[in-house]
Every structure is written in structure tokens, then in C-alpha cells.
>>> print(open('target.cif').read())   # mmCIF, N, CA and C atoms
data_data
loop_
_atom_site.label_atom_id
_atom_site.label_comp_id
_atom_site.auth_asym_id
_atom_site.auth_seq_id
_atom_site.Cartn_x
_atom_site.Cartn_y
_atom_site.Cartn_z
N MET V 1062 9.31 -3.49 177.05
CA MET V 1062 9.35 -2.16 176.51
C MET V 1062 9.92 -2.20 175.10
N LYS V 1063 9.34 -1.41 174.26
CA LYS V 1063 9.71 -1.42 172.85
C LYS V 1063 10.85 -0.44 172.57
N ILE V 1064 11.77 -0.86 171.74
CA ILE V 1064 12.88 -0.02 171.32
C ILE V 1064 12.63 0.35 169.86
N VAL V 1065 12.67 1.66 169.59
CA VAL V 1065 12.38 2.16 168.24
C VAL V 1065 13.46 3.15 167.82
N GLU V 1066 13.54 3.38 166.51
CA GLU V 1066 14.41 4.43 166.01
C GLU V 1066 13.62 5.73 166.00
N MET V 1067 14.30 6.81 166.39
CA MET V 1067 13.66 8.11 166.46
C MET V 1067 14.67 9.17 166.02
N ARG V 1068 14.18 10.25 165.50
CA ARG V 1068 15.07 11.35 165.11
C ARG V 1068 15.75 11.94 166.35
N ALA V 1069 17.05 12.09 166.28
CA ALA V 1069 17.80 12.67 167.39
C ALA V 1069 17.31 14.07 167.72
N ALA V 1070 16.90 14.81 166.71
CA ALA V 1070 16.42 16.18 166.91
C ALA V 1070 15.13 16.24 167.71
N ALA V 1071 14.39 15.14 167.79
CA ALA V 1071 13.12 15.12 168.52
C ALA V 1071 13.31 15.00 170.03
N LEU V 1072 14.51 14.61 170.45
CA LEU V 1072 14.77 14.38 171.87
C LEU V 1072 15.20 15.68 172.55
N HIS V 1073 14.80 15.81 173.81
CA HIS V 1073 15.10 17.01 174.60
C HIS V 1073 15.94 16.63 175.82
N GLU V 1074 16.67 17.61 176.32
CA GLU V 1074 17.45 17.39 177.52
C GLU V 1074 16.97 18.32 178.63
N ASN V 1075 17.08 17.83 179.85
CA ASN V 1075 16.73 18.58 181.04
C ASN V 1075 18.02 18.69 181.85
N GLU V 1076 18.47 19.90 182.09
CA GLU V 1076 19.75 20.10 182.78
C GLU V 1076 19.75 19.53 184.19
N ILE V 1077 18.61 19.53 184.86
CA ILE V 1077 18.55 18.93 186.20
C ILE V 1077 18.83 17.44 186.09
N TYR V 1078 18.19 16.78 185.14
CA TYR V 1078 18.40 15.35 184.96
C TYR V 1078 19.84 15.06 184.53
N ARG V 1079 20.35 15.86 183.61
CA ARG V 1079 21.72 15.65 183.13
C ARG V 1079 22.73 15.84 184.25
N GLY V 1080 22.44 16.75 185.17
CA GLY V 1080 23.36 17.04 186.27
C GLY V 1080 23.34 16.03 187.41
N LEU V 1081 22.42 15.09 187.38
CA LEU V 1081 22.36 14.10 188.46
C LEU V 1081 23.56 13.14 188.45
N VAL V 1082 24.10 12.89 187.27
CA VAL V 1082 25.19 11.91 187.11
C VAL V 1082 26.42 12.64 186.57
N PRO V 1083 27.60 12.35 187.11
CA PRO V 1083 28.81 12.99 186.59
C PRO V 1083 28.98 12.72 185.10
N ARG V 1084 29.41 13.72 184.38
CA ARG V 1084 29.66 13.56 182.94
C ARG V 1084 30.88 12.69 182.72
N LEU V 1085 30.93 12.09 181.54
CA LEU V 1085 32.09 11.28 181.18
C LEU V 1085 33.35 12.14 181.18
N GLY V 1086 34.46 11.56 181.61
CA GLY V 1086 35.74 12.24 181.51
C GLY V 1086 36.14 12.34 180.04
N GLU V 1087 37.08 13.21 179.76
CA GLU V 1087 37.50 13.46 178.38
C GLU V 1087 37.94 12.18 177.67
N ASN V 1088 38.74 11.35 178.34
CA ASN V 1088 39.23 10.13 177.72
C ASN V 1088 38.10 9.13 177.44
N ASP V 1089 37.21 8.94 178.43
CA ASP V 1089 36.08 8.04 178.24
C ASP V 1089 35.17 8.53 177.11
N TYR V 1090 35.00 9.85 177.02
CA TYR V 1090 34.16 10.43 175.97
C TYR V 1090 34.76 10.14 174.59
N LYS V 1091 36.07 10.31 174.47
CA LYS V 1091 36.75 10.04 173.19
C LYS V 1091 36.62 8.56 172.80
N ILE V 1092 36.76 7.68 173.78
CA ILE V 1092 36.63 6.24 173.51
C ILE V 1092 35.22 5.91 173.04
N LEU V 1093 34.22 6.45 173.73
CA LEU V 1093 32.83 6.21 173.35
C LEU V 1093 32.54 6.78 171.97
N LYS V 1094 33.03 7.97 171.70
CA LYS V 1094 32.80 8.59 170.39
C LYS V 1094 33.42 7.76 169.28
N LYS V 1095 34.63 7.27 169.51
CA LYS V 1095 35.30 6.44 168.51
C LYS V 1095 34.49 5.15 168.25
N SER V 1096 33.99 4.55 169.32
CA SER V 1096 33.19 3.33 169.19
C SER V 1096 31.90 3.59 168.40
N ILE V 1097 31.22 4.68 168.71
CA ILE V 1097 29.98 5.00 168.01
C ILE V 1097 30.27 5.33 166.55
N LYS V 1098 31.36 6.00 166.30
CA LYS V 1098 31.73 6.32 164.91
C LYS V 1098 32.00 5.05 164.11
N LEU V 1099 32.66 4.08 164.74
CA LEU V 1099 33.00 2.82 164.05
C LEU V 1099 31.82 1.86 163.93
N HIS V 1100 31.03 1.75 164.99
CA HIS V 1100 30.01 0.70 165.07
C HIS V 1100 28.57 1.22 165.09
N GLY V 1101 28.40 2.52 165.28
CA GLY V 1101 27.06 3.07 165.41
C GLY V 1101 26.51 2.85 166.81
N LEU V 1102 25.27 3.19 166.99
CA LEU V 1102 24.60 2.99 168.28
C LEU V 1102 23.95 1.62 168.28
N TYR V 1103 23.97 0.98 169.41
CA TYR V 1103 23.40 -0.36 169.53
C TYR V 1103 21.95 -0.29 170.02
N PRO V 1104 21.05 -1.01 169.37
CA PRO V 1104 19.67 -1.03 169.86
C PRO V 1104 19.56 -1.65 171.25
N GLU V 1105 20.53 -2.49 171.62
CA GLU V 1105 20.52 -3.12 172.95
C GLU V 1105 20.81 -2.12 174.06
N LEU V 1106 21.31 -0.95 173.71
CA LEU V 1106 21.61 0.10 174.68
C LEU V 1106 20.97 1.41 174.19
N PRO V 1107 19.64 1.46 174.22
CA PRO V 1107 18.94 2.64 173.68
C PRO V 1107 19.05 3.84 174.61
N ILE V 1108 18.77 5.00 174.05
CA ILE V 1108 18.63 6.21 174.84
C ILE V 1108 17.25 6.13 175.48
N VAL V 1109 17.18 6.28 176.78
CA VAL V 1109 15.92 6.15 177.50
C VAL V 1109 15.31 7.54 177.67
N VAL V 1110 14.03 7.66 177.28
CA VAL V 1110 13.32 8.94 177.37
C VAL V 1110 11.99 8.75 178.11
N ASN V 1111 11.45 9.87 178.60
CA ASN V 1111 10.12 9.83 179.21
C ASN V 1111 9.07 10.14 178.15
N LYS V 1112 7.81 10.23 178.54
CA LYS V 1112 6.72 10.44 177.58
C LYS V 1112 6.83 11.76 176.83
N ASP V 1113 7.57 12.72 177.38
CA ASP V 1113 7.77 14.02 176.74
C ASP V 1113 9.05 14.05 175.88
N LEU V 1114 9.66 12.88 175.71
CA LEU V 1114 10.91 12.71 174.95
C LEU V 1114 12.09 13.43 175.59
N VAL V 1115 12.06 13.54 176.92
CA VAL V 1115 13.18 14.10 177.68
C VAL V 1115 14.11 12.94 178.02
N VAL V 1116 15.40 13.12 177.75
CA VAL V 1116 16.39 12.07 177.97
C VAL V 1116 16.57 11.80 179.46
N LEU V 1117 16.46 10.52 179.82
CA LEU V 1117 16.71 10.09 181.19
C LEU V 1117 18.07 9.40 181.29
N ASP V 1118 18.43 8.63 180.27
CA ASP V 1118 19.71 7.91 180.25
C ASP V 1118 20.22 7.89 178.83
N GLY V 1119 21.49 8.28 178.65
CA GLY V 1119 22.09 8.28 177.33
C GLY V 1119 22.47 9.65 176.82
N HIS V 1120 22.67 10.59 177.73
CA HIS V 1120 23.02 11.96 177.33
C HIS V 1120 24.28 12.01 176.47
N ALA V 1121 25.32 11.31 176.89
CA ALA V 1121 26.59 11.35 176.14
C ALA V 1121 26.42 10.71 174.78
N ARG V 1122 25.70 9.57 174.72
CA ARG V 1122 25.48 8.91 173.43
C ARG V 1122 24.71 9.81 172.48
N LEU V 1123 23.71 10.52 172.99
CA LEU V 1123 22.94 11.44 172.16
C LEU V 1123 23.81 12.60 171.68
N GLN V 1124 24.59 13.16 172.57
CA GLN V 1124 25.47 14.26 172.20
C GLN V 1124 26.44 13.83 171.10
N ILE V 1125 27.03 12.66 171.26
CA ILE V 1125 27.97 12.15 170.26
C ILE V 1125 27.26 11.89 168.94
N ALA V 1126 26.08 11.28 168.99
CA ALA V 1126 25.32 11.02 167.76
C ALA V 1126 25.07 12.33 167.01
N ARG V 1127 24.71 13.36 167.73
CA ARG V 1127 24.48 14.67 167.10
C ARG V 1127 25.77 15.23 166.52
N GLU V 1128 26.88 15.12 167.27
CA GLU V 1128 28.17 15.60 166.78
C GLU V 1128 28.58 14.88 165.50
N LEU V 1129 28.25 13.60 165.41
CA LEU V 1129 28.61 12.80 164.24
C LEU V 1129 27.60 12.94 163.10
N GLY V 1130 26.58 13.74 163.31
CA GLY V 1130 25.58 13.98 162.28
C GLY V 1130 24.59 12.84 162.08
N MET V 1131 24.44 12.01 163.09
CA MET V 1131 23.49 10.91 163.01
C MET V 1131 22.07 11.47 163.20
N GLU V 1132 21.21 11.20 162.25
CA GLU V 1132 19.83 11.70 162.34
C GLU V 1132 18.95 10.82 163.21
N TRP V 1133 19.22 9.52 163.23
CA TRP V 1133 18.36 8.56 163.92
C TRP V 1133 19.12 7.88 165.05
N VAL V 1134 18.43 7.68 166.17
CA VAL V 1134 19.01 6.98 167.33
C VAL V 1134 17.99 5.97 167.85
N TRP V 1135 18.49 4.97 168.58
CA TRP V 1135 17.61 3.98 169.21
C TRP V 1135 17.10 4.54 170.52
N VAL V 1136 15.79 4.41 170.74
CA VAL V 1136 15.15 5.01 171.90
C VAL V 1136 14.20 4.01 172.56
N MET V 1137 14.16 4.06 173.90
CA MET V 1137 13.17 3.30 174.65
C MET V 1137 12.38 4.30 175.51
N LEU V 1138 11.07 4.25 175.41
CA LEU V 1138 10.19 5.11 176.19
C LEU V 1138 9.89 4.44 177.52
N ARG V 1139 10.10 5.19 178.61
CA ARG V 1139 9.76 4.72 179.96
C ARG V 1139 8.79 5.71 180.57
N GLU V 1140 7.73 5.20 181.17
CA GLU V 1140 6.76 6.08 181.81
C GLU V 1140 6.86 5.95 183.32
N PHE V 1141 6.82 7.09 183.99
CA PHE V 1141 6.93 7.15 185.44
C PHE V 1141 5.79 7.99 186.00
N GLU V 1142 5.50 7.79 187.27
CA GLU V 1142 4.40 8.51 187.93
C GLU V 1142 4.68 10.01 188.05
N HIS V 1143 5.95 10.36 188.31
CA HIS V 1143 6.30 11.76 188.53
C HIS V 1143 7.80 11.95 188.35
N GLN V 1144 8.23 13.21 188.44
CA GLN V 1144 9.64 13.54 188.20
C GLN V 1144 10.57 12.90 189.23
N PHE V 1145 10.11 12.70 190.44
CA PHE V 1145 10.98 12.07 191.44
C PHE V 1145 11.28 10.62 191.07
N ALA V 1146 10.30 9.93 190.53
CA ALA V 1146 10.52 8.56 190.07
C ALA V 1146 11.49 8.54 188.90
N GLU V 1147 11.41 9.53 188.02
CA GLU V 1147 12.36 9.64 186.91
C GLU V 1147 13.78 9.86 187.44
N GLN V 1148 13.92 10.76 188.41
CA GLN V 1148 15.23 11.05 188.98
C GLN V 1148 15.79 9.83 189.70
N GLU V 1149 14.93 9.11 190.40
CA GLU V 1149 15.36 7.89 191.08
C GLU V 1149 15.87 6.87 190.05
N TYR V 1150 15.16 6.74 188.94
CA TYR V 1150 15.59 5.83 187.87
C TYR V 1150 16.96 6.23 187.34
N ILE V 1151 17.14 7.51 187.05
CA ILE V 1151 18.41 8.00 186.50
C ILE V 1151 19.58 7.64 187.42
N LEU V 1152 19.43 7.92 188.68
CA LEU V 1152 20.51 7.64 189.63
C LEU V 1152 20.73 6.14 189.80
N THR V 1153 19.66 5.40 189.96
CA THR V 1153 19.78 3.96 190.21
C THR V 1153 20.41 3.24 189.03
N VAL V 1154 19.96 3.51 187.83
CA VAL V 1154 20.48 2.80 186.66
C VAL V 1154 21.97 3.11 186.46
N ASN V 1155 22.39 4.31 186.77
CA ASN V 1155 23.79 4.66 186.59
C ASN V 1155 24.68 4.11 187.69
N VAL V 1156 24.22 4.09 188.92
CA VAL V 1156 25.03 3.52 190.01
C VAL V 1156 25.19 2.02 189.79
N VAL V 1157 24.13 1.33 189.49
CA VAL V 1157 24.19 -0.12 189.28
C VAL V 1157 25.05 -0.46 188.07
N ARG V 1158 24.86 0.25 186.98
CA ARG V 1158 25.63 -0.01 185.76
C ARG V 1158 27.12 0.17 186.03
N ARG V 1159 27.48 1.23 186.70
CA ARG V 1159 28.89 1.52 186.94
C ARG V 1159 29.50 0.53 187.93
N GLN V 1160 28.75 0.12 188.92
CA GLN V 1160 29.29 -0.79 189.92
C GLN V 1160 29.61 -2.16 189.32
N HIS V 1161 28.91 -2.54 188.30
CA HIS V 1161 29.17 -3.84 187.67
C HIS V 1161 30.23 -3.74 186.57
N GLY V 1162 30.94 -2.63 186.53
CA GLY V 1162 32.04 -2.47 185.60
C GLY V 1162 31.62 -2.22 184.17
N TYR V 1163 30.36 -1.93 183.95
CA TYR V 1163 29.88 -1.69 182.61
C TYR V 1163 30.05 -0.22 182.29
N ARG V 1164 30.72 0.06 181.20
CA ARG V 1164 31.00 1.43 180.78
C ARG V 1164 31.96 2.10 181.75
N ARG V 1165 31.78 3.39 181.99
CA ARG V 1165 32.78 4.10 182.80
C ARG V 1165 32.67 3.76 184.29
N HIS V 1166 33.73 4.05 184.98
CA HIS V 1166 33.81 3.74 186.40
C HIS V 1166 33.58 5.00 187.22
N LEU V 1167 32.75 4.89 188.24
CA LEU V 1167 32.57 6.00 189.18
C LEU V 1167 33.43 5.73 190.41
N ASN V 1168 34.08 6.78 190.90
CA ASN V 1168 34.88 6.58 192.11
C ASN V 1168 33.96 6.61 193.33
N THR V 1169 34.51 6.32 194.48
CA THR V 1169 33.72 6.22 195.71
C THR V 1169 33.01 7.53 196.03
N ALA V 1170 33.68 8.65 195.86
CA ALA V 1170 33.07 9.95 196.16
C ALA V 1170 31.89 10.22 195.23
N GLN V 1171 32.01 9.88 193.96
CA GLN V 1171 30.92 10.09 193.01
C GLN V 1171 29.72 9.20 193.35
N ARG V 1172 29.98 7.95 193.71
CA ARG V 1172 28.88 7.05 194.10
C ARG V 1172 28.20 7.56 195.37
N ALA V 1173 29.00 8.06 196.32
CA ALA V 1173 28.43 8.59 197.57
C ALA V 1173 27.57 9.82 197.28
N GLU V 1174 28.05 10.70 196.42
CA GLU V 1174 27.29 11.90 196.04
C GLU V 1174 25.97 11.51 195.38
N MET V 1175 26.01 10.54 194.49
CA MET V 1175 24.79 10.08 193.83
C MET V 1175 23.85 9.42 194.84
N GLY V 1176 24.41 8.70 195.79
CA GLY V 1176 23.60 8.07 196.84
C GLY V 1176 22.87 9.10 197.69
N LEU V 1177 23.54 10.21 198.01
CA LEU V 1177 22.91 11.29 198.77
C LEU V 1177 21.78 11.94 197.97
N LYS V 1178 22.02 12.14 196.67
CA LYS V 1178 20.96 12.69 195.82
C LYS V 1178 19.77 11.75 195.79
N LEU V 1179 20.03 10.47 195.69
CA LEU V 1179 18.97 9.47 195.65
C LEU V 1179 18.17 9.48 196.97
N LEU V 1180 18.87 9.58 198.07
CA LEU V 1180 18.21 9.63 199.38
C LEU V 1180 17.29 10.85 199.48
N LYS V 1181 17.74 12.01 199.02
CA LYS V 1181 16.92 13.23 199.05
C LYS V 1181 15.68 13.07 198.18
N ILE V 1182 15.85 12.48 197.01
CA ILE V 1182 14.71 12.26 196.10
C ILE V 1182 13.71 11.31 196.73
N MET V 1183 14.20 10.26 197.34
CA MET V 1183 13.29 9.27 197.96
C MET V 1183 12.52 9.90 199.13
N LYS V 1184 13.15 10.81 199.86
CA LYS V 1184 12.46 11.50 200.96
C LYS V 1184 11.36 12.41 200.41
N ARG V 1185 11.62 13.09 199.29
CA ARG V 1185 10.62 13.97 198.69
C ARG V 1185 9.46 13.18 198.10
N LYS V 1186 9.77 11.98 197.64
CA LYS V 1186 8.78 11.12 197.01
C LYS V 1186 7.79 10.62 198.05
#
>>> encode(input="target.cif", output="C-alpha cells")
Amino acid sequence: MKIVEMRAAALHENEIYRGLVPRLGENDYKILKKSIKLHGLYPELPIVVNKDLVVLDGHARLQIARELGMEWVWVMLREFEHQFAEQEYILTVNVVRRQHGYRRHLNTAQRAEMGLKLLKIMKRK
């Protein structure tokens, strides 16, 4: 999959998708914002969007980039068969990422809640 630079203003958010994963806590958000301010966004960790440029992964990074006045962000386009596959991706990538200690940590209750959401999506799929 190709990673490209894209205008931050071109990306859209879907509140259902954003609500699938707990938002960063205040302290984690400040740490991430400080890192992005100092080092910028890394192409190795792009904001993932669907074909309609709706954000699937990277909501906090996009929000921070906009707050910092960054016009361009790194983006990777992912195509899925339907919205349930997109939702499954969102939950899976965040549970796996957090379990391996990468970025913020999810507590047991948050992982269980995300697991239940994933189970419901898989049943609908």
C-alpha cells in the first residue's frame, strides 16, 4: 500500500468510527502533541483512510496536526468491501497495537468493550 502526503483539510471523520476506540487520555494527548510538534508526523505511521477519505486510524494525530496548523499529513488508503470490514479493521488494529505496548495502553475493561464491539460487527458481517 502506498503512503502519500495529502492535505489535512481533505480528510473527513465519521463519529461512529471515531467512537469505536477510546480517545486518548489528557496526558497521552499532550505527550503525542509535543512529539508531533517537535518531530512532525512520521510516514511510517500514516493516517489510514478509506476510498472516501474517511479516517479509519489516526484521529488523534489528525486532530493534533490541524491544531498545530499542519496543512499536509501522511496518509495510506485502504479499501474494504463494506463498512463492517472497516469497523473490524479499526477495532483490530487498535487492540493489537495497544496489546504490544505500542502507543497508549488500554485497560482490561476497554479491551473487553472493544472485543464486544468487534463480536457484534462480525455477527452483522
>>> resolve_selection(input="target.cif", expression="the PyMOL selection byres ((chain V and resi 1062) around 8)", output="ChimeraX atom specification")
/V:1063-1065,1136-1139
>>> resolve_selection(input="target.cif", expression="the PyMOL selection byres (((chain V and resi 1170-1186 and name CA) around 7) and name CA)", output="short mmCIF file (atom, residue, chain, number, x, y, z; two decimals) with N, CA and C atoms, in the coordinates of the input")
data_model
loop_
_atom_site.label_atom_id
_atom_site.label_comp_id
_atom_site.auth_asym_id
_atom_site.auth_seq_id
_atom_site.Cartn_x
_atom_site.Cartn_y
_atom_site.Cartn_z
N VAL V 1082 24.10 12.89 187.27
CA VAL V 1082 25.19 11.91 187.11
C VAL V 1082 26.42 12.64 186.57
N PHE V 1145 10.11 12.70 190.44
CA PHE V 1145 10.98 12.07 191.44
C PHE V 1145 11.28 10.62 191.07
N GLU V 1149 14.93 9.11 190.40
CA GLU V 1149 15.36 7.89 191.08
C GLU V 1149 15.87 6.87 190.05
N LEU V 1152 19.43 7.92 188.68
CA LEU V 1152 20.51 7.64 189.63
C LEU V 1152 20.73 6.14 189.80
N VAL V 1156 24.22 4.09 188.92
CA VAL V 1156 25.03 3.52 190.01
C VAL V 1156 25.19 2.02 189.79
N LEU V 1167 32.75 4.89 188.24
CA LEU V 1167 32.57 6.00 189.18
C LEU V 1167 33.43 5.73 190.41
N ASN V 1168 34.08 6.78 190.90
CA ASN V 1168 34.88 6.58 192.11
C ASN V 1168 33.96 6.61 193.33
N THR V 1169 34.51 6.32 194.48
CA THR V 1169 33.72 6.22 195.71
C THR V 1169 33.01 7.53 196.03
#
>>> resolve_selection(input="target.cif", expression="the PyMOL selection byres (((chain V and resi 1092-1107 and name CA) around 10) and name CA)", output="MDAnalysis selection string")
chainID V and resid 1064:1066 1085 1087:1091 1108:1110 1118:1119 1121:1126 1128:1129 1131 1133:1138 1164:1165
>>> atom_distance(input="target.cif", atom1="CA of His1143 in chain V", atom2="atom C of Lys1112 in chain V")
11.7 Å
>>> atom_distance(input="target.cif", atom1="CA of Ala1071 in chain V", atom2="atom N of Arg1084 in chain V")
22.8 Å
>>> atom_distance(input="target.cif", atom1="atom N of Val1116 in chain V", atom2="atom N of Arg1068 in chain V")
12.6 Å
